[in-house]
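Enquirer: What follows is the file query_35.csv, containing CSV, C-alpha atoms and all ligand atoms:
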chain,number,residue,atom,x,y,z
J,1,MET,CA,211.9,188.5,154.7
J,2,GLN,CA,215.7,188.5,154.5
J,3,ASN,CA,217.6,185.3,154.1
J,4,ILE,CA,220.0,184.4,156.8
J,5,GLU,CA,221.3,181.4,154.9
J,6,LYS,CA,225.0,182.3,155.3
J,7,ASN,CA,224.7,182.0,159.1
J,8,LYS,CA,227.7,179.9,160.2
J,9,ASP,CA,227.1,176.6,161.8
J,10,TRP,CA,228.9,177.7,164.9
J,11,LEU,CA,227.1,175.1,167.1
J,12,ALA,CA,228.6,172.2,165.1
J,13,ASP,CA,232.1,173.7,165.7
J,14,PHE,CA,231.7,172.8,169.4
J,15,GLY,CA,231.4,169.2,168.4
J,16,LEU,CA,229.0,168.5,171.3
J,17,THR,CA,227.2,165.2,171.8
J,18,HIS,CA,224.6,166.8,174.0
J,19,PRO,CA,222.5,170.0,173.9
J,20,LEU,CA,224.5,173.2,174.3
J,21,LEU,CA,224.4,174.4,177.9
J,22,ILE,CA,224.9,178.0,179.0
J,23,ALA,CA,224.8,178.3,182.8
J,24,GLY,CA,225.7,180.9,185.4
J,25,PRO,CA,224.2,183.4,187.7
J,26,CYS,CA,221.6,186.0,186.7
J,27,SER,CA,224.1,188.6,187.9
J,28,ALA,CA,227.8,188.6,188.6
J,29,GLU,CA,227.8,189.7,192.3
J,30,THR,CA,231.3,189.2,193.6
J,31,GLU,CA,234.5,187.8,192.2
J,32,GLU,CA,234.2,184.8,194.6
J,33,GLN,CA,230.7,184.0,193.5
J,34,VAL,CA,231.6,184.1,189.8
J,35,LEU,CA,234.7,181.9,190.4
J,36,GLU,CA,232.8,179.5,192.6
J,37,VAL,CA,230.0,178.9,190.2
J,38,ALA,CA,232.5,178.6,187.3
J,39,HIS,CA,234.6,175.9,189.0
J,40,LYS,CA,231.5,173.9,190.0
J,41,LEU,CA,230.2,174.1,186.4
J,42,LYS,CA,233.3,172.3,185.3
J,43,ASP,CA,231.6,169.1,186.5
J,44,SER,CA,228.6,169.8,184.3
J,45,THR,CA,228.1,169.7,180.5
J,46,ALA,CA,228.1,173.5,180.4
J,47,THR,CA,230.3,175.0,177.6
J,48,ILE,CA,229.6,178.7,178.3
J,49,LEU,CA,229.4,180.7,181.6
J,50,ARG,CA,226.8,183.4,181.7
J,51,ALA,CA,226.6,186.3,184.0
J,52,GLY,CA,224.7,189.6,183.8
J,53,ILE,CA,227.1,192.6,184.2
J,54,TRP,CA,224.5,195.3,183.5
J,55,LYS,CA,221.0,194.4,184.6
J,56,PRO,CA,218.0,195.9,182.8
J,57,ARG,CA,215.5,196.1,185.6
J,58,THR,CA,211.9,196.8,184.9
J,59,ARG,CA,211.7,199.1,188.0
J,60,PRO,CA,214.6,201.2,189.4
J,61,GLY,CA,215.9,200.5,192.8
J,62,ASN,CA,216.7,196.8,192.2
J,63,PHE,CA,220.2,195.6,191.8
J,64,GLU,CA,221.4,197.0,188.4
J,65,GLY,CA,224.6,195.0,188.0
J,66,VAL,CA,228.2,195.4,189.2
J,67,GLY,CA,229.3,197.0,185.9
J,68,ALA,CA,232.6,196.7,184.0
J,69,ILE,CA,234.5,195.3,187.0
J,70,GLY,CA,232.6,192.1,186.6
J,71,LEU,CA,234.1,191.6,183.1
J,72,LYS,CA,237.5,191.1,184.8
J,73,TRP,CA,235.9,188.3,186.9
J,74,LEU,CA,234.6,186.6,183.8
J,75,GLN,CA,238.0,186.8,182.2
J,76,ARG,CA,239.6,185.2,185.2
J,77,ALA,CA,236.9,182.5,185.3
J,78,LYS,CA,237.6,181.7,181.7
J,79,GLU,CA,241.4,181.5,182.4
J,80,GLU,CA,240.9,179.2,185.3
J,81,THR,CA,238.2,176.9,183.9
J,82,GLY,CA,238.3,177.0,180.1
J,83,LEU,CA,234.6,177.9,180.0
J,84,LEU,CA,233.6,180.4,177.4
J,85,THR,CA,231.9,183.6,178.7
J,86,ALA,CA,228.6,185.3,177.9
J,87,THR,CA,227.0,188.5,178.9
J,88,GLU,CA,224.1,190.8,178.0
J,89,VAL,CA,224.9,194.0,176.0
J,90,ALA,CA,222.3,196.7,175.8
J,91,ASN,CA,224.2,199.6,174.1
J,92,PRO,CA,227.4,200.2,172.0
J,93,TYR,CA,229.4,201.0,175.1
J,94,HIS,CA,228.6,197.6,176.6
J,95,VAL,CA,229.7,196.0,173.3
J,96,GLU,CA,233.0,197.9,173.3
J,97,LEU,CA,233.7,196.9,176.9
J,98,ALA,CA,232.7,193.2,176.4
J,99,LEU,CA,234.9,192.9,173.4
J,100,LYS,CA,237.8,194.5,175.2
J,101,HIS,CA,237.4,191.8,177.9
J,102,ASP,CA,237.3,189.0,175.4
J,103,VAL,CA,233.7,187.9,176.2
J,104,ASP,CA,232.9,185.1,173.7
J,105,VAL,CA,229.1,185.3,173.5
J,106,LEU,CA,227.1,188.5,173.5
J,107,TRP,CA,223.4,188.4,174.0
J,108,ILE,CA,220.7,191.0,173.4
J,109,GLY,CA,218.1,191.0,176.2
J,110,ALA,CA,214.3,190.8,175.9
J,111,ARG,CA,213.9,194.5,176.8
J,112,THR,CA,216.4,195.5,174.1
J,113,THR,CA,215.0,193.4,171.3
J,114,VAL,CA,211.7,195.4,171.4
J,115,SER,CA,213.5,198.5,170.2
J,116,PRO,CA,214.6,198.5,166.5
J,117,PHE,CA,216.5,201.8,167.2
J,118,VAL,CA,218.7,200.3,169.9
J,119,VAL,CA,219.1,197.0,168.1
J,120,GLN,CA,220.3,198.9,165.0
J,121,GLU,CA,222.8,200.9,167.1
J,122,ILE,CA,224.1,197.7,168.7
J,123,ALA,CA,224.3,195.9,165.4
J,124,GLN,CA,226.4,198.8,163.9
J,125,ALA,CA,228.7,198.7,167.0
J,126,MET,CA,229.2,195.0,166.4
J,127,LYS,CA,229.8,195.3,162.6
J,128,GLY,CA,231.7,192.3,161.3
J,129,ILE,CA,232.7,190.8,164.7
J,130,ASP,CA,233.4,187.1,164.7
J,131,LYS,CA,231.6,186.4,168.0
J,132,ILE,CA,228.5,184.4,168.7
J,133,VAL,CA,225.5,186.8,169.2
J,134,LEU,CA,222.3,185.5,170.7
J,135,VAL,CA,219.0,187.4,170.5
J,136,LYS,CA,216.4,186.9,173.2
J,137,ASN,CA,212.8,187.1,172.1
J,138,PRO,CA,211.2,190.5,172.7
J,139,ILE,CA,209.1,190.9,175.8
J,140,ASN,CA,205.9,191.1,173.8
J,141,PRO,CA,204.7,188.2,171.6
J,142,ASP,CA,205.8,189.6,168.3
J,143,LEU,CA,207.6,187.3,165.8
J,144,ALA,CA,208.4,190.0,163.3
J,145,LEU,CA,210.2,192.1,165.9
J,146,TRP,CA,212.4,189.1,166.9
J,147,GLU,CA,213.2,188.3,163.3
J,148,GLY,CA,213.8,191.9,162.5
J,149,ALA,CA,216.5,192.0,165.2
J,150,LEU,CA,218.2,189.0,163.6
J,151,GLU,CA,218.1,190.7,160.2
J,152,ARG,CA,219.6,193.9,161.5
J,153,LEU,CA,222.6,192.0,162.9
J,154,TYR,CA,223.0,189.8,159.8
J,155,THR,CA,223.1,193.0,157.6
J,156,GLN,CA,226.1,194.1,159.7
J,157,ASP,CA,227.9,190.9,158.7
J,158,ILE,CA,227.4,189.1,162.1
J,159,MET,CA,227.3,185.5,161.0
J,160,LYS,CA,227.3,183.5,164.2
J,161,LEU,CA,223.7,184.2,165.2
J,162,GLY,CA,221.4,182.2,167.5
J,163,VAL,CA,218.2,183.0,169.5
J,164,ILE,CA,217.0,182.4,173.0
J,165,HIS,CA,213.3,181.7,173.8
J,166,ARG,CA,212.6,183.3,177.2
J,167,GLY,CA,208.9,183.7,177.1
J,168,PHE,CA,206.5,186.7,176.7
J,169,SER,CA,205.0,188.9,179.3
J,170,SER,CA,201.3,189.3,179.8
J,171,TYR,CA,199.1,191.2,182.3
J,172,GLY,CA,197.7,189.6,185.4
J,173,GLU,CA,198.5,186.4,187.3
J,174,ASN,CA,199.7,183.6,185.2
J,175,THR,CA,201.2,180.1,185.5
J,176,TYR,CA,204.4,181.4,184.1
J,177,ARG,CA,206.5,184.5,184.8
J,178,ASN,CA,206.6,184.8,181.0
J,179,ASN,CA,204.3,182.7,178.9
J,180,PRO,CA,206.1,180.3,176.5
J,181,GLU,CA,203.7,180.9,173.5
J,182,TRP,CA,205.4,177.9,171.9
J,183,GLN,CA,203.9,178.7,168.5
J,184,ILE,CA,206.2,181.8,168.1
J,185,PRO,CA,209.5,179.9,168.5
J,186,ILE,CA,208.1,177.1,166.3
J,187,ASP,CA,207.3,179.7,163.6
J,188,PHE,CA,210.7,181.3,164.0
J,189,LYS,CA,212.4,177.9,163.6
J,190,SER,CA,210.5,177.2,160.4
J,191,ASN,CA,211.4,180.6,159.0
J,192,PHE,CA,215.1,180.5,160.0
J,193,PRO,CA,216.0,176.8,160.2
J,194,ASN,CA,219.7,177.4,160.4
J,195,VAL,CA,219.6,179.7,163.4
J,196,PRO,CA,220.2,177.7,166.6
J,197,MET,CA,217.3,178.0,169.1
J,198,LEU,CA,218.0,177.8,172.9
J,199,ILE,CA,215.5,177.9,175.7
J,200,ASP,CA,215.8,180.0,178.8
J,201,PRO,CA,213.5,178.1,181.2
J,202,SER,CA,214.5,180.2,184.1
J,203,HIS,CA,212.9,183.4,182.8
J,204,ILE,CA,209.9,181.6,181.4
J,205,ALA,CA,209.2,179.8,184.7
J,206,GLY,CA,210.2,182.4,187.3
J,207,ASN,CA,210.6,179.5,189.7
J,208,ARG,CA,212.7,176.4,190.0
J,209,GLU,CA,209.8,173.8,189.8
J,210,LYS,CA,209.0,174.2,186.1
J,211,ILE,CA,212.5,174.3,184.7
J,212,ALA,CA,212.9,170.6,184.1
J,213,TYR,CA,209.5,170.4,182.4
J,214,LEU,CA,210.3,173.3,180.1
J,215,CYS,CA,213.7,171.9,179.1
J,216,GLN,CA,212.2,168.5,178.2
J,217,LYS,CA,209.5,170.2,176.1
J,218,ALA,CA,212.1,172.2,174.3
J,219,LEU,CA,214.2,169.2,173.5
J,220,ASP,CA,211.1,167.4,172.2
J,221,LEU,CA,210.7,170.4,169.9
J,222,ASN,CA,214.3,170.0,168.7
J,223,TYR,CA,215.8,173.0,170.4
J,224,ASP,CA,219.6,173.1,170.3
J,225,GLY,CA,220.3,173.9,173.9
J,226,MET,CA,219.5,175.9,177.0
J,227,MET,CA,220.6,178.9,179.1
J,228,ILE,CA,219.9,178.2,182.8
J,229,GLU,CA,220.4,180.6,185.7
J,230,THR,CA,222.7,178.9,188.1
J,231,HIS,CA,223.9,180.3,191.4
J,232,PRO,CA,226.0,178.8,194.2
J,233,ASN,CA,223.5,180.0,196.8
J,234,PRO,CA,220.2,180.8,194.9
J,235,ASP,CA,218.2,182.0,197.9
J,236,LYS,CA,220.7,184.7,198.5
J,237,ALA,CA,221.0,185.8,194.9
J,238,TRP,CA,220.9,189.6,194.3
J,239,SER,CA,218.5,189.2,191.4
J,240,ASP,CA,216.0,186.5,190.3
J,241,ALA,CA,216.5,184.5,193.5
J,242,ASP,CA,213.3,182.4,193.0
J,243,GLN,CA,214.3,180.9,189.7
J,244,GLN,CA,218.0,180.1,190.1
J,245,ILE,CA,219.3,176.6,190.8
J,246,THR,CA,222.6,175.3,192.3
J,247,PRO,CA,225.2,173.8,190.0
J,248,GLU,CA,224.5,170.5,191.7
J,249,ALA,CA,220.8,170.7,190.8
J,250,LEU,CA,221.8,171.7,187.2
J,251,ILE,CA,223.9,168.6,186.8
J,252,GLU,CA,221.1,166.4,188.1
J,253,LEU,CA,218.6,168.1,185.8
J,254,MET,CA,220.8,167.5,182.7
J,255,ARG,CA,221.0,163.8,183.7
J,256,SER,CA,217.3,163.5,183.9
J,257,LEU,CA,216.5,164.9,180.4
J,258,ARG,CA,215.7,162.6,177.5
J,259,VAL,CA,217.7,163.8,174.5
J,260,ARG,CA,216.4,162.4,171.3
J,261,THR,CA,219.3,161.6,169.1
J,262,SER,CA,218.7,162.4,165.5
J,263,ASP,CA,219.1,158.8,164.4
J,264,VAL,CA,219.3,158.8,160.6
J,265,GLY,CA,217.9,155.3,160.5
J,266,LYS,CA,214.7,156.5,162.2
J,267,GLN,CA,211.8,157.0,159.9
J,268,ALA,CA,211.1,160.6,159.1
J,269,SER,CA,207.4,159.9,159.5
J,270,ALA,CA,207.8,158.8,163.1
J,271,ASP,CA,209.5,162.1,163.7
J,272,THR,CA,206.6,164.0,162.2
J,273,LEU,CA,204.2,162.1,164.4
J,274,HIS,CA,206.3,162.9,167.5
J,275,LYS,CA,206.3,166.6,166.6
J,276,LEU,CA,202.6,166.7,166.0
J,277,ARG,CA,202.0,164.9,169.4
J,278,THR,CA,204.2,167.5,171.1
J,279,LYS,CA,202.1,170.2,169.5
J,280,ILE,CA,198.9,168.6,170.8
J,281,ASP,CA,200.4,168.4,174.3
J,282,ILE,CA,201.1,172.1,174.2
J,283,VAL,CA,197.6,172.9,173.1
J,284,ASP,CA,196.2,170.6,175.9
J,285,ASP,CA,198.4,172.4,178.5
J,286,GLU,CA,196.9,175.7,177.4
J,287,LEU,CA,193.4,174.4,177.3
J,288,VAL,CA,193.5,173.1,180.9
J,289,ALA,CA,195.2,176.3,182.1
J,290,LEU,CA,192.4,178.3,180.4
J,291,LEU,CA,189.7,176.2,181.9
J,292,GLY,CA,191.3,176.7,185.3
J,293,LYS,CA,191.3,180.4,184.7
J,294,ARG,CA,187.6,180.2,183.8
J,295,MET,CA,186.8,178.4,187.1
J,296,LYS,CA,188.5,181.1,189.1
J,297,ILE,CA,186.4,183.8,187.5
J,298,ALA,CA,183.3,181.7,188.1
J,299,GLU,CA,184.3,181.6,191.8
J,300,GLU,CA,184.6,185.4,191.9
J,301,ILE,CA,181.0,185.5,190.5
J,302,GLY,CA,180.1,183.1,193.2
J,303,VAL,CA,181.4,185.5,195.8
J,304,TRP,CA,179.3,188.3,194.2
J,305,LYS,CA,176.2,186.2,194.1
J,306,LYS,CA,176.6,185.2,197.8
J,307,GLU,CA,177.0,188.9,198.8
J,308,ASN,CA,174.0,189.9,196.8
J,309,ASN,CA,171.9,186.9,197.7
J,310,VAL,CA,171.4,185.8,194.1
J,311,SER,CA,170.8,182.2,193.1
J,312,ILE,CA,173.6,180.3,191.3
J,313,LEU,CA,171.8,179.3,188.2
J,314,GLN,CA,170.8,182.3,186.0
J,315,GLU,CA,168.8,180.6,183.2
J,316,GLU,CA,168.9,183.6,180.9
J,317,ARG,CA,172.7,184.0,181.1
J,318,TRP,CA,173.3,180.3,180.6
J,319,ARG,CA,171.1,180.3,177.5
J,320,LYS,CA,173.1,183.2,176.0
J,321,VAL,CA,176.5,181.6,176.8
J,322,LEU,CA,175.4,178.4,175.1
J,323,GLU,CA,174.0,180.1,172.1
J,324,ARG,CA,177.2,182.1,171.6
J,325,MET,CA,179.4,178.9,172.0
J,326,LEU,CA,177.3,176.9,169.5
J,327,GLU,CA,177.8,179.6,167.0
J,328,LEU,CA,181.5,179.8,167.6
J,329,GLY,CA,181.6,176.0,167.5
J,330,GLU,CA,180.1,176.0,164.0
J,331,ILE,CA,182.6,178.6,162.8
J,332,ASN,CA,185.4,176.4,164.1
J,333,GLU,CA,183.9,173.3,162.5
J,334,MET,CA,182.9,171.4,165.6
J,335,SER,CA,179.6,169.6,165.8
J,336,GLU,CA,176.6,170.9,167.8
J,337,THR,CA,176.5,167.6,169.8
J,338,PHE,CA,180.1,168.0,170.8
J,339,MET,CA,179.8,171.7,171.8
J,340,LEU,CA,176.6,171.0,173.8
J,341,ARG,CA,178.3,168.2,175.7
J,342,LEU,CA,181.5,170.2,176.3
J,343,TYR,CA,179.7,173.3,177.5
J,344,LYS,CA,177.3,171.5,179.7
J,345,ALA,CA,180.3,169.8,181.4
J,346,ILE,CA,182.1,173.2,181.8
J,347,HIS,CA,179.0,174.8,183.1
J,348,GLN,CA,178.4,172.0,185.6
J,349,GLU,CA,182.0,172.3,186.9
J,350,SER,CA,181.5,176.1,187.3
J,351,ILE,CA,178.3,175.6,189.3
J,352,ASN,CA,180.1,173.1,191.5
J,353,HIS,CA,182.8,175.7,192.2
J,354,GLN,CA,180.2,178.4,193.0
J,355,ASN,CA,178.3,176.0,195.2
J,356,LYS,CA,181.4,175.5,197.3
J,357,ILE,CA,181.7,179.2,197.7
J,358,ILE,CA,178.1,179.9,198.5
J,359,ASN,CA,177.7,177.1,201.0
J,360,LYS,CA,181.0,177.9,202.7
J,401,LIG,C1,218.8,187.7,182.1
J,401,LIG,O1,219.1,186.8,181.3
J,401,LIG,O2,219.2,187.8,183.2
J,401,LIG,C2,217.8,188.7,181.6
J,401,LIG,C3,217.7,189.9,182.1
J,401,LIG,O3,217.0,188.1,180.7
J,401,LIG,P1,215.7,188.7,179.8
J,401,LIG,O4,216.4,189.7,178.9
J,401,LIG,O5,215.3,187.5,179.1
J,401,LIG,O6,214.7,189.3,180.8
J,402,MN,MN,217.7,186.9,185.4
Here is a file; write its structure as C-alpha cells.
Expert:
Amino acid sequence: MQNIEKNKDWLADFGLTHPLLIAGPCSAETEEQVLEVAHKLKDSTATILRAGIWKPRTRPGNFEGVGAIGLKWLQRAKEETGLLTATEVANPYHVELALKHDVDVLWIGARTTVSPFVVQEIAQAMKGIDKIVLVKNPINPDLALWEGALERLYTQDIMKLGVIHRGFSSYGENTYRNNPEWQIPIDFKSNFPNVPMLIDPSHIAGNREKIAYLCQKALDLNYDGMMIETHPNPDKAWSDADQQITPEALIELMRSLRVRTSDVGKQASADTLHKLRTKIDIVDDELVALLGKRMKIAEEIGVWKKENNVSILQEERWRKVLERMLELGEINEMSETFMLRLYKAIHQESINHQNKIINK
C-alpha cells in the first residue's frame, strides 16, 4: 500500500470549531434555485456549497444535469455568499470546465470510483492541481478499490485529498438505500489516518428520517464532517427528492448533533471505551436488522405452509437448523448452552410470526 503521508492538512486550514459541512442540492436546477439555497446556507455552519452539474444516473431517462451553464450559477453563488463551491467530475472534460469556473472542491462519484481506468484518466487531468479532491466510496463494498483511487490521485501530486462515505449498494430491499458497512470506512481511517473522512448520510439513507442518526453515528466514530443534500423545496427536486432537506432543517439538524470535542485532558482510555461501544452498537444494529429479515422470510414460509396446508412445526427441519447452528456456534467460540437458548428463542419468534399468518 502506498503512503499518503504528505497529504496536506487542508481541513485545519479552515480553522473550524465544528465539523466541516458541505451542503447544497443534489442537482443544480436553475440559477434561482442555486442562489436561493446558497443565501439560506449563509445562516448555517456550511463552508462549501455542493451541486451536481452532470448527474450520473443509473438508468437513462432521469434528469442528467444542466451541464456547464450550472457552473456559472455556482460562480455567482460564491461571489454573492463567500461559500466555496463543489461539484462532481466524471471525466477529464468535466475537470477542465470545473477548473475554468473556479470550482474549489472536486469530487469523484461512487459510480466513477469503481473504474480504475476512469479514475486514472481523471487523476492525470488533475495533475498537480491545488484543489481539494474528495473521493466517494465505490458503489460496491471494496476497500482496496477506494484506497486505489486515492493512490492514483496522490501519484499525480494531488495533495489535498479527502474521502466521502456514501454507503454501498446491495440487491433486494434494505433498510438503507446504500448500506453503511461501517467496517469499511473504519478500516480506511486506520490505513489512512491523515485523510479526512466525511459522511454523506443523504445517499446512505435515501430518505430524510435517518439523516440525523447517521450524522451522529459518524461523529461518534470521529468523522471530520458531512455532505448533506439540501434543497429549498425538496419535494419538488429534479433528482433524489426523497432524501433532500431544507436549509432550515439542516440548521436544526446541526444544532441537535453532539460533537465530541477532542479534549486533550480526557483520558485516552475513555476514548477507546467509547469507540468500542460505538462498534458494539453498530453490530447490534446489524444483528436486529438481520433478525427482522429472518422473520420476514419465516412469514413467507408461513404463507406457503398455509397454501399447502402444512403444519407450522416441521421437527426434522428444526432439528437440522439447530444442529447446523450448534456447529457454527462452536466454530465461533460460543457455548452450546448459549446457542441453544438463542436459537430456541429465535425459532419461537418465527413460529409466532407464522401463527399470525396461518390463523389470519
Ligand atoms: C451525488 O452526490 O449527488 C451523487 C450522485 O452521489 P453518489 O456518487 O454518491 O451516488
Ligand atoms: Mn444525489
Enquirer: Within 7 Å of ligand MN 402 (chain J), counting all atoms listed in the file, which protein or nucleic acid residues do you find, written as a list in words?
Expert: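 Checked against 7 Å with all atoms listed in the file; the hits are Cys26, His203, Glu229, Ser239 and Asp240 of chain J.
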Enquirer: Near Ile129 of chain J, counting all atoms listed in the file, which residues have an atom at most 8 Å away, once you skip same-chain residues fewer than 2 positions from it, shown as a list in words?
Expert: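 Near Ile129 of chain J, the qualifying residues are Met126, Lys127, Lys131, Asp157 and Ile158 of chain J.
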Enquirer: Could you list, as a ChimeraX atom specification, all the residues within 8 Å of ligand LIG 401 (chain J), counting only C-alpha atoms and all ligand atoms?
Expert: /J:26-27,51-52,55-57,88,108-112,136-137,139,166-167,200,203,229,240
Enquirer: So the first atom is atom CA of Val163 of chain J and the second is atom CA of Thr272 of chain J; what is the distance between them in Å, to one decimal place?
Expert: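 These two atoms are separated by 23.4 Å.
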Enquirer: One number please: atom CA of Leu287 of chain J to atom CA of Glu333 of chain J, in Å, one decimal.
Expert: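 So the answer is 17.6 Å.
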Enquirer: Identify which of the residues J:Gly70, J:Leu290, J:Leu49, J:Phe63 lies closest to Asp104 of chain J, counting only C-alpha atoms when measuring atom-to-atom distances.
Expert: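 Nearest to Asp104 of chain J: J:Leu49.
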Enquirer: Mind checking which residues fall within 12 Å of Ile280 of chain J, counting all atoms listed in the file, ignoring those fewer than 6 positions away in the same chain, and posting them as number ranges by chain?
Expert: J: 182-183, 217, 221, 273-274, 286-287
Enquirer: Pick from J:Lys8, J:Lys356, J:Arg324, J:Arg255: nearest to Ile312 of chain J, with only C-alpha atoms counted?
Expert: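 Closest to Ile312 of chain J, using only C-alpha atoms: J:Lys356.
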Enquirer: Residues at most 12 Å from Asp102 of chain J, counting only C-alpha atoms, excluding those fewer than 5 positions away in the same chain, as a PDB file with C-alpha atoms, in the frame of the given file?
Expert:
ATOM      1  CA  LEU J  71     234.100 191.600 183.100  1.00  0.00           C
ATOM      2  CA  LYS J  72     237.500 191.100 184.800  1.00  0.00           C
ATOM      3  CA  TRP J  73     235.900 188.300 186.900  1.00  0.00           C
ATOM      4  CA  LEU J  74     234.600 186.600 183.800  1.00  0.00           C
ATOM      5  CA  GLN J  75     238.000 186.800 182.200  1.00  0.00           C
ATOM      6  CA  ARG J  76     239.600 185.200 185.200  1.00  0.00           C
ATOM      7  CA  ALA J  77     236.900 182.500 185.300  1.00  0.00           C
ATOM      8  CA  LYS J  78     237.600 181.700 181.700  1.00  0.00           C
ATOM      9  CA  GLU J  79     241.400 181.500 182.400  1.00  0.00           C
ATOM     10  CA  LEU J  84     233.600 180.400 177.400  1.00  0.00           C
ATOM     11  CA  THR J  85     231.900 183.600 178.700  1.00  0.00           C
ATOM     12  CA  ALA J  86     228.600 185.300 177.900  1.00  0.00           C
ATOM     13  CA  THR J  87     227.000 188.500 178.900  1.00  0.00           C
ATOM     14  CA  VAL J  95     229.700 196.000 173.300  1.00  0.00           C
ATOM     15  CA  GLU J  96     233.000 197.900 173.300  1.00  0.00           C
ATOM     16  CA  LEU J  97     233.700 196.900 176.900  1.00  0.00           C
ATOM     17  CA  ILE J 129     232.700 190.800 164.700  1.00  0.00           C
ATOM     18  CA  ASP J 130     233.400 187.100 164.700  1.00  0.00           C
ATOM     19  CA  LYS J 131     231.600 186.400 168.000  1.00  0.00           C
ATOM     20  CA  ILE J 132     228.500 184.400 168.700  1.00  0.00           C
TER      21      ILE J 132
END
Enquirer: Give me the residues near Pro116 of chain J as a VMD selection string, where near means some atom within 9 Å (using only C-alpha atoms) and where sequence neighbours in that chain fewer than 4 positions away do not count.
Expert: chain J and resid 112 120 to 121 145 148 to 149 152
Enquirer: So what do you get for atom CA of Ala12 of chain J versus atom CA of His94 of chain J, distance-wise?
Expert: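 One can read the atom CA of Ala12 of chain J to atom CA of His94 of chain J distance as 27.9 Å.
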Enquirer: Would you please work out which residue, of J:Ser202, J:Asn233, J:Thr47, J:Asn7, is nearest to Glu32 of chain J when using all atoms listed in the file?
Expert: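 Ranked by minimum distance to Glu32 of chain J, first place goes to J:Asn233.
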Enquirer: Could you check the closest approach to Arg50 of chain J for each of J:Gly67, J:His231, J:Pro185, J:Leu250 and tell me which residue wins, using all atoms listed in the file?
Expert: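 Looking at the shortest contact to Arg50 of chain J, the residue is J:His231.
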Enquirer: Just checking: using all atoms listed in the file, which residue out of J:Leu214, J:Leu35, J:Ile228, J:Met159 ends up closest to Leu134 of chain J?
Expert: J:Met159
Enquirer: When you look at segment 336-349 of chain J with a cut-off of 10 Å (counting only C-alpha atoms), what residues show up, excluding the ones that are within fewer than 3 positions of it in the same chain? I need them as a ChimeraX atom specification.
Expert: /J:291,294-295,298,313,318,321-323,325-330,333,352-355
Enquirer: Under the rule that only C-alpha atoms are counted, which of J:Ile358, J:Gln124, J:Val288, J:Ala98 is the nearest residue to Asn308 of chain J?
Expert: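 Of J:Ile358, J:Gln124, J:Val288, J:Ala98, the one nearest Asn308 of chain J is J:Ile358, counting only C-alpha atoms.
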